[in-house]
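A short worksheet on the structure shown next.
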Amino acid sequence: IPCSHPLELRGECVISYDEFNRINKEVLEPFKHPRGLAGGTLRTLDLSIVRDRNLAFIVFELVSPTLTHKLEGLDALDKMGFETVQRCKPKNKETGVEDCIEAMQPEFCKYPVDGLIFELNNTELSKSLGATSHHENCRMALKWEDETYPTTLKYVDWTMGKFGTLTPTVVFEPVEIDGSIVERASLHNISVMKDLGIKTSGQTVYVYKSNMIIPQIDSVEPINKEENLIPDKCPICGQPTKIVKDNNSEVLVCTNDNCKGKLLGKLKHAVSRDALNVDGLSEATIEKFINLGWLNSIKDIYYLSANEKQLKSLDGFGKKSADKLLNSIEESRKTSLERFLYSLSISLLGKSVSKMISEAVDHDFNTFIDEMTVKGAEYFRHLPGVGDALINSLNTYWKNHYSD
């Protein structure tokens with residue numbers, strides 16, 4: 001089929017089971033799973049390794065404004081020589097879905113899959129259904145039932161986020177799932193922990209990998225023994241904790257406003273790629289600088305050059321790495337209003353709302369400051385998703401940090 005214009009294709013790089021088995025016969029330490037091997041191959045800097053591993057690009061959509069039916073696009077790509085996703089078109093209205101599920105079981109697929117995608121074939125109808133920030137509404141996923149693996153709970157670890165929320169993570173005896181060793185799984189909040197019935201170390205827990213990637217606890221064997229796994233003191237600062245309600249879920253929070261864990265979380269978020277994008281400030285480095293007294297707020301990042309001499313003599317640093325960090329900090333001063341707002345860890349002010357607020361003032365810092373000084377966050381009430389809670393949160397932050 002002749003093609004006189006560039007093609008826009010959506011797809012994924014994978015390694016087939018046959019290629020996976022071939023590679024494992026040639027290496028001393030076999031790889032565990034094709035998905036991990038494909039991801040590792042894409043990240044390697046050795047082009048000779050990439051060439052040897054025969055990654056396949058599997059197309060699952062031809063993006064075209066003139067295409068009426070998606071399957072027509074995939075059929076055309078097949079004729080051009082592209083490798084396209086395995087698919088099944090229902091022929092019977094009553095049994096079509098069941099027929100496709102039966103025909104597309106994992107054992108019939110050349111590549112590792114975790115389920116099926118059901119999608120509308122008509123492109124115009126698909127567009128009319130709209131989309132969320134995460135996915136288009138013209139398709140839905142059916143995941144294969146996850147296989148669970150029993151192991152023994154050792155203890156519950158607690159990690160702190162930027163708002164002082166302590167998230168429980170179950171640590172258990174190592175178990176191999178889908179080709180990798182797993183020994184930790186997040187419980188998200190206290191409510192999940194209680195609903196699962198996690199009460200004490202030594203319990204048998206059943207673990208699986210959601211989407212073959214994220215470790216999760218499926219269930220827990222009941223036990224008569226019980227110990228208090230929820231700390232009444234913050235594991236970071238030692239100050240009291242309390243359980244509070246957040247969107248109908250119970251969460252554990254540290255009550256100490258000056259907790260170093262909260263500061264670490266906020267600074268880690270501030271320098272992240274979607275925020276100020278400061279290269280070289282890892283979580284471990286930020287924690288080290290906090291302990292040295294160099295970082296007590298986001299603005300202290302821009303005064304680290306005052307410690308340049310000491311920085312170059314620190315373990316893990318030298319002239320080259322210190323200069324790289326300081327240059328990255330200077331470069332981050334050129335950030336956009338959108339990134340700056342997102343970096344501040346203001347409650348309820350996420351990435352998408354930061355973008356909308358920035359667009360509402362034409363991405364101009366001075367206009368934003370003027371509007372906040374005169375009208376406050378009420379100026380942004382007309383924006384989608386901006387209500388009383390967000391307005392109060394933004395006004396409170398502004399009052400605490402920028403008001404006279």
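Ordered as shown in the structure tokens, chains take letters A, B, and onward, while each chain numbers its residues from 1 and ligands are numbered from 1 in the order shown.
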Inset, instruction - Tell me which protein, DNA and RNA residues are within 6 Å of stretch 139-149 of chain A, counting only C-alpha atoms, leaving out same-chain ones fewer than 4 positions away, and put them as a PyMOL selection string. - result: chain A and resi 114-119+206-208
Inset, instruction - May I have all residues of stretch 200-359 of chain A that DSSP, computed from the backbone, assigns to strand (DSSP E or B), given as a ChimeraX atom specification? - result: /A:204-210,214-220,233,240-246,249-254
Legend entry - Near-A:Leu74 list (7 Å; only C-alpha atoms; drop same-chain fewer than 5 positions) as a list in words: Glu61, Leu62 and Thr84 of chain A
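Between atom CA of A:Gly385 and atom CA of A:Ser352 the interatomic distance comes to 9.8 Å.
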Inset, instruction - Write out as number ranges by chain which residues come within 10 Å of A:Thr68 when counting only C-alpha atoms, dropping same-chain ones fewer than 2 positions away. - result: A: 64-66, 70-73, 121-125
Okay, now the selection with C-alpha atoms, as a tab-separated table (two decimals), in the first residue's frame?
```tsv
chain	number	residue	atom	x	y	z
A	64	SER	CA	-5.35	8.97	11.33
A	65	PRO	CA	-8.00	11.74	11.02
A	66	THR	CA	-9.42	10.11	7.88
A	70	LYS	CA	-9.71	1.18	13.49
A	71	LEU	CA	-9.46	-2.40	12.25
A	72	GLU	CA	-9.06	-1.12	8.70
A	73	GLY	CA	-5.95	0.75	9.81
A	121	ASN	CA	-14.10	0.06	16.11
A	122	ASN	CA	-15.77	3.25	14.84
A	123	THR	CA	-13.41	6.24	15.23
A	124	GLU	CA	-16.10	8.98	15.25
A	125	LEU	CA	-18.16	7.17	17.87
```
Legend entry - Within 12 Å of A:Met372 using only C-alpha atoms, minus same-chain residues under 2 positions, as a ChimeraX atom specification: /A:357,361,365-370,374-380,391,394-399,402-403
Atoms to include: C-alpha atoms. Write the selected residues as a PDB file, in the first residue's frame.
```
ATOM      1  CA  ILE A 357      -4.366  28.398  36.997  1.00  0.00           C
ATOM      2  CA  VAL A 361      -3.089  34.357  34.041  1.00  0.00           C
ATOM      3  CA  PHE A 365       4.168  35.190  37.543  1.00  0.00           C
ATOM      4  CA  ASN A 366       3.471  38.868  38.149  1.00  0.00           C
ATOM      5  CA  THR A 367      -0.164  38.578  37.073  1.00  0.00           C
ATOM      6  CA  PHE A 368      -0.628  35.612  39.371  1.00  0.00           C
ATOM      7  CA  ILE A 369       0.878  37.516  42.305  1.00  0.00           C
ATOM      8  CA  ASP A 370      -1.291  40.573  41.578  1.00  0.00           C
ATOM      9  CA  VAL A 374      -6.037  41.659  45.382  1.00  0.00           C
ATOM     10  CA  LYS A 375      -8.688  38.948  44.968  1.00  0.00           C
ATOM     11  CA  GLY A 376      -7.071  35.840  46.366  1.00  0.00           C
ATOM     12  CA  ALA A 377      -7.817  32.365  45.028  1.00  0.00           C
ATOM     13  CA  GLU A 378     -11.449  33.417  44.472  1.00  0.00           C
ATOM     14  CA  TYR A 379     -10.205  34.802  41.140  1.00  0.00           C
ATOM     15  CA  PHE A 380      -9.861  31.191  39.892  1.00  0.00           C
ATOM     16  CA  ILE A 391      -9.731  28.052  47.233  1.00  0.00           C
ATOM     17  CA  LEU A 394      -4.568  28.142  48.239  1.00  0.00           C
ATOM     18  CA  ASN A 395      -5.580  31.183  50.298  1.00  0.00           C
ATOM     19  CA  THR A 396      -4.248  29.612  53.497  1.00  0.00           C
ATOM     20  CA  TYR A 397      -0.919  28.802  51.855  1.00  0.00           C
ATOM     21  CA  TRP A 398      -0.674  32.328  50.454  1.00  0.00           C
ATOM     22  CA  LYS A 399      -1.472  33.893  53.841  1.00  0.00           C
ATOM     23  CA  TYR A 402       3.464  35.485  51.273  1.00  0.00           C
ATOM     24  CA  SER A 403       1.268  37.880  53.238  1.00  0.00           C
TER      25      SER A 403
END
```
Inset, instruction - Mind giving me the straight-line distance from atom CA of A:Pro30 to atom CA of A:Arg53 in Å, one decimal? - result: 13.6 Å
Inset, instruction - From a DSSP calculation on the backbone, collect every residue of stretch 78-216 of chain A in helix (DSSP H, G or I) and output the set as a PyMOL selection string. - result: chain A and resi 78-80+96-103+106-108+123-128+190-196
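By only C-alpha atoms, and with residues fewer than 2 positions from A:Phe60 along its chain excluded, the set lying at most 7 Å from it is Arg10, Gly11, Ile58, Thr84 and Val85 of chain A.
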Write a file of the just-selected residues containing C-alpha atoms, as a PDB file, in the first residue's frame.
```pdb
ATOM      1  CA  ARG A  10       0.726   3.744  18.851  1.00  0.00           C
ATOM      2  CA  GLY A  11       2.289   0.588  20.169  1.00  0.00           C
ATOM      3  CA  ILE A  58       3.702  -4.218  18.296  1.00  0.00           C
ATOM      4  CA  THR A  84       0.170  -5.545  14.846  1.00  0.00           C
ATOM      5  CA  VAL A  85      -1.589  -6.555  18.036  1.00  0.00           C
TER       6      VAL A  85
END
```
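The coordinates place atom CA of A:Phe317 at 12.6 Å from atom CA of A:Ala284.
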Inset, instruction - Measuring atom to atom with only C-alpha atoms, identify which of A:Leu7, A:Leu348, A:Leu341, A:Cys254 is nearest to A:His363. - result: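 Using only C-alpha atoms, the shortest distance to A:His363 belongs to A:Leu341.
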Inset, instruction - May I have the residues within 7 Å of A:Lys262 as an NGL selection string, using only C-alpha atoms and disregarding those fewer than 5 positions away in the same chain? - result: :A and (160-164)
